[in-house]
Amino acid sequence: MNNIKSPSHGGSKKPGRRFFGGREVGSASNNMTQDRMGDGAPNEEVFYSKAENYWREVAPTVDGMLGGYGKISNVDIDGSKKFLKKFLGEGQGKTGNCCALDCGAGIGRITKRLLLPLFNTVDLVDVTQEFLDQAKVYLGEESKRVDNYFCCGLQDFIPQDGRYDVIWIQWVIGHLTDEHLVEFLRRCRGGLRPQGLIVIKDNVAYEGVIPDEVDSSVCRDLSLVKNLVARAGLTVVCEEQQLNFPDEIYQVHQLALR
């Protein structure tokens, strides 16, 4: 699953699945939690179940994964590859290339184009079984280098301790509550090999938190994302904005964490 957001949508027009007409609702992370989930489990359950129901209706194609914006896939992958290659290699502080985890993997677009060319093996995790089934077809012969297809929401997923050189989390953090995102990132820390790296690549709001009622997600501003990263005990070691995306979508930033 991916998460492409636009601030310009007026409410009736929804090209693809990631465009919405919303307002910014708060300038602090706790506002998002209160506005979206409140303090009780039932609202939290609705937040997640609505997202799962939404994804069951999305076509298991690259265009479906990108909300009708399949045309940006090459630019996206090129930017990710340049960013990730800064950390891979041998020597002090470099990240290995044994195994990567693709979080919110969908049909395996990122696995196929970015991770399998750089890593020996890859695991995929996604909440929609149909996407994972399609990934086995989409990846073709390269699927033999995928060890695991985990069907699980990230709020419940526990990476195997010390397994991954890189954990790639793209266009999916908006589907987690603040607390669940912090807890997930903490578990990801435990899933890293020595000198391993977590990468978040996602849309960022201009200010505060913006909800998307259609797919039951939120878009946070960069300062809020960094605050949650810090709460998870992680440090941003590198940050870049993805360039050459359409003007109508929110900025996309990639953050390398250790």
# chains A, B, ... in the order shown; residues from 1 in each chain; ligands from 1
$ residues_around --residues "Leu181 of chain A" --least-positions-apart "6" --cutoff "10 Å" --atoms "only C-alpha atoms" --output "ChimeraX atom specification"
/A:154-155,173-175,187,225,228-229,231-232
$ write_last_selection --atoms "N, CA and C atoms" --output "CSV table (one decimal), in the first residue's frame"
chain,number,residue,atom,x,y,z
A,154,LEU,N,0.7,-3.3,10.4
A,154,LEU,CA,2.0,-3.0,11.1
A,154,LEU,C,1.8,-2.7,12.6
A,155,GLN,N,0.6,-2.4,13.0
A,155,GLN,CA,0.4,-2.2,14.4
A,155,GLN,C,0.5,-3.5,15.2
A,173,ILE,N,2.9,5.1,7.1
A,173,ILE,CA,2.8,5.5,8.5
A,173,ILE,C,1.5,6.2,8.8
A,174,GLY,N,0.8,6.8,7.8
A,174,GLY,CA,-0.4,7.4,8.1
A,174,GLY,C,-1.5,6.5,8.5
A,175,HIS,N,-1.3,5.2,8.3
A,175,HIS,CA,-2.3,4.2,8.7
A,175,HIS,C,-2.1,3.7,10.2
A,187,ARG,N,10.0,-1.7,17.7
A,187,ARG,CA,10.1,-3.1,17.3
A,187,ARG,C,11.1,-3.3,16.2
A,225,VAL,N,6.4,13.9,12.7
A,225,VAL,CA,7.0,12.6,12.3
A,225,VAL,C,8.4,12.5,13.1
A,228,LEU,N,7.8,11.7,16.8
A,228,LEU,CA,7.5,10.3,17.0
A,228,LEU,C,8.7,9.4,16.8
A,229,VAL,N,9.6,9.7,15.9
A,229,VAL,CA,10.8,9.0,15.7
A,229,VAL,C,11.7,9.0,16.9
A,231,ARG,N,10.7,9.6,20.0
A,231,ARG,CA,10.0,8.9,21.0
A,231,ARG,C,10.3,7.4,20.9
A,232,ALA,N,10.6,6.9,19.7
A,232,ALA,CA,10.9,5.5,19.5
A,232,ALA,C,12.4,5.2,19.8
$ residues_around --residues "Lys86 of chain A" --least-positions-apart "3" --cutoff "12 Å" --atoms "only C-alpha atoms" --output "VMD selection string"
chain A and resid 79 to 83 89 to 90 93 to 96 197 237 to 240 256
$ residues_around --residues "Val252 of chain A" --least-positions-apart "4" --cutoff "6 Å" --atoms "only C-alpha atoms" --output "PDB file with N, CA, C and O atoms, in the first residue's frame"
ATOM      1  N   ASP A 202       7.579   9.246   3.012  1.00  0.00           N
ATOM      2  CA  ASP A 202       6.150   9.525   3.125  1.00  0.00           C
ATOM      3  C   ASP A 202       5.840  10.975   2.805  1.00  0.00           C
ATOM      4  O   ASP A 202       6.725  11.835   2.807  1.00  0.00           O
ATOM      5  N   ASN A 203       4.554  11.229   2.561  1.00  0.00           N
ATOM      6  CA  ASN A 203       4.074  12.603   2.434  1.00  0.00           C
ATOM      7  C   ASN A 203       4.177  13.314   3.766  1.00  0.00           C
ATOM      8  O   ASN A 203       4.042  12.698   4.821  1.00  0.00           O
ATOM      9  N   GLN A 241      14.268  15.549   0.582  1.00  0.00           N
ATOM     10  CA  GLN A 241      12.978  15.641  -0.075  1.00  0.00           C
ATOM     11  C   GLN A 241      13.055  14.961  -1.431  1.00  0.00           C
ATOM     12  O   GLN A 241      14.042  15.135  -2.170  1.00  0.00           O
ATOM     13  N   GLN A 242      12.059  14.177  -1.750  1.00  0.00           N
ATOM     14  CA  GLN A 242      11.956  13.591  -3.082  1.00  0.00           C
ATOM     15  C   GLN A 242      11.595  14.686  -4.082  1.00  0.00           C
ATOM     16  O   GLN A 242      10.618  15.401  -3.894  1.00  0.00           O
TER      17      GLN A 242
END
$ residues_around --residues "Ala105 of chain A" --least-positions-apart "2" --cutoff "8 Å" --atoms "only C-alpha atoms" --output "CSV table (one decimal) with C-alpha atoms, in the first residue's frame"
chain,number,residue,atom,x,y,z
A,1,MET,CA,0.0,0.0,0.0
A,102,ASP,CA,9.3,-4.0,2.7
A,103,CYS,CA,6.5,-2.6,5.0
A,107,ILE,CA,2.0,-6.1,-4.7
A,108,GLY,CA,5.8,-5.7,-4.3
A,109,ARG,CA,6.5,-2.6,-6.4
A,110,ILE,CA,9.3,-1.4,-4.1
A,111,THR,CA,10.5,-5.0,-3.5
A,124,LEU,CA,7.1,-8.4,2.6
A,125,VAL,CA,4.5,-7.4,5.1
A,126,ASP,CA,1.0,-6.0,4.1
A,132,LEU,CA,0.6,-10.4,-1.3
$ closest_residue --among "A:Val127, A:Cys99, A:Ile169, A:Leu243" --to "Gly153 of chain A" --atoms "only C-alpha atoms"
A:Val127
$ select_by_dssp --residues "segment 40-232 of chain A" --states "strand (DSSP E)" --output "VMD selection string"
chain A and resid 99 to 103 121 to 126 146 to 151 164 to 170 192 to 203 209 to 212 217 to 220
$ closest_residue --among "A:Gln251, A:Val62, A:Ala100, A:His180" --to "Thr121 of chain A" --atoms "only C-alpha atoms"
A:Ala100
$ closest_residue --among "A:Asp156, A:Leu116, A:Gln195, A:Asn244" --to "Glu183 of chain A" --atoms "only C-alpha atoms"
A:Asp156
$ closest_residue --among "A:His253, A:Arg163, A:Arg189, A:Arg258" --to "Lys201 of chain A" --atoms "only C-alpha atoms"
A:His253
$ select_by_dssp --residues "segment 110-158 of chain A" --states "helix (DSSP H, G or I)" --output "list in words"
Ile110, Thr111, Lys112, Arg113, Leu114, Leu115, Gln129, Glu130, Phe131, Leu132, Asp133, Gln134, Ala135, Lys136, Val137, Tyr138, Gly140, Glu141, Glu142, Ser143, Lys144 and Arg145 of chain A
$ residues_around --residues "Val218 of chain A" --least-positions-apart "3" --cutoff "9 Å" --atoms "only C-alpha atoms" --output "PyMOL selection string"
chain A and resi 32+36+173-177+209-213
$ write_last_selection --atoms "N, CA, C and O atoms" --output "CSV table (one decimal), in the first residue's frame"
chain,number,residue,atom,x,y,z
A,32,MET,N,-3.9,14.9,17.1
A,32,MET,CA,-4.3,13.9,16.1
A,32,MET,C,-4.8,12.7,16.8
A,32,MET,O,-5.9,12.2,16.4
A,36,ARG,N,-8.7,11.8,16.1
A,36,ARG,CA,-8.9,10.6,15.3
A,36,ARG,C,-9.4,9.4,16.0
A,36,ARG,O,-10.2,8.7,15.6
A,173,ILE,N,2.9,5.1,7.1
A,173,ILE,CA,2.8,5.5,8.5
A,173,ILE,C,1.5,6.2,8.8
A,173,ILE,O,1.1,6.2,10.0
A,174,GLY,N,0.8,6.8,7.8
A,174,GLY,CA,-0.4,7.4,8.1
A,174,GLY,C,-1.5,6.5,8.5
A,174,GLY,O,-2.6,6.9,9.0
A,175,HIS,N,-1.3,5.2,8.3
A,175,HIS,CA,-2.3,4.2,8.7
A,175,HIS,C,-2.1,3.7,10.2
A,175,HIS,O,-2.8,2.8,10.6
A,176,LEU,N,-1.1,4.3,10.9
A,176,LEU,CA,-0.9,3.9,12.3
A,176,LEU,C,-1.2,5.1,13.2
A,176,LEU,O,-0.9,6.3,12.8
A,177,THR,N,-1.8,4.9,14.3
A,177,THR,CA,-1.9,5.9,15.3
A,177,THR,C,-0.5,6.3,15.8
A,177,THR,O,0.5,5.6,15.6
A,209,VAL,N,-1.8,18.0,11.4
A,209,VAL,CA,-2.2,16.7,11.0
A,209,VAL,C,-3.4,16.8,10.1
A,209,VAL,O,-4.4,17.5,10.5
A,210,ILE,N,-3.5,16.1,9.0
A,210,ILE,CA,-4.6,16.2,8.1
A,210,ILE,C,-5.2,14.8,7.9
A,210,ILE,O,-4.4,13.9,7.6
A,211,PRO,N,-6.5,14.6,8.2
A,211,PRO,CA,-7.1,13.3,8.0
A,211,PRO,C,-7.6,13.0,6.6
A,211,PRO,O,-7.9,14.0,5.9
A,212,ASP,N,-7.6,11.8,6.2
A,212,ASP,CA,-8.2,11.4,5.0
A,212,ASP,C,-9.3,10.4,5.4
A,212,ASP,O,-9.0,9.2,5.8
A,213,GLU,N,-10.5,10.8,5.3
A,213,GLU,CA,-11.7,9.9,5.7
A,213,GLU,C,-11.9,8.8,4.7
A,213,GLU,O,-12.5,7.8,5.1
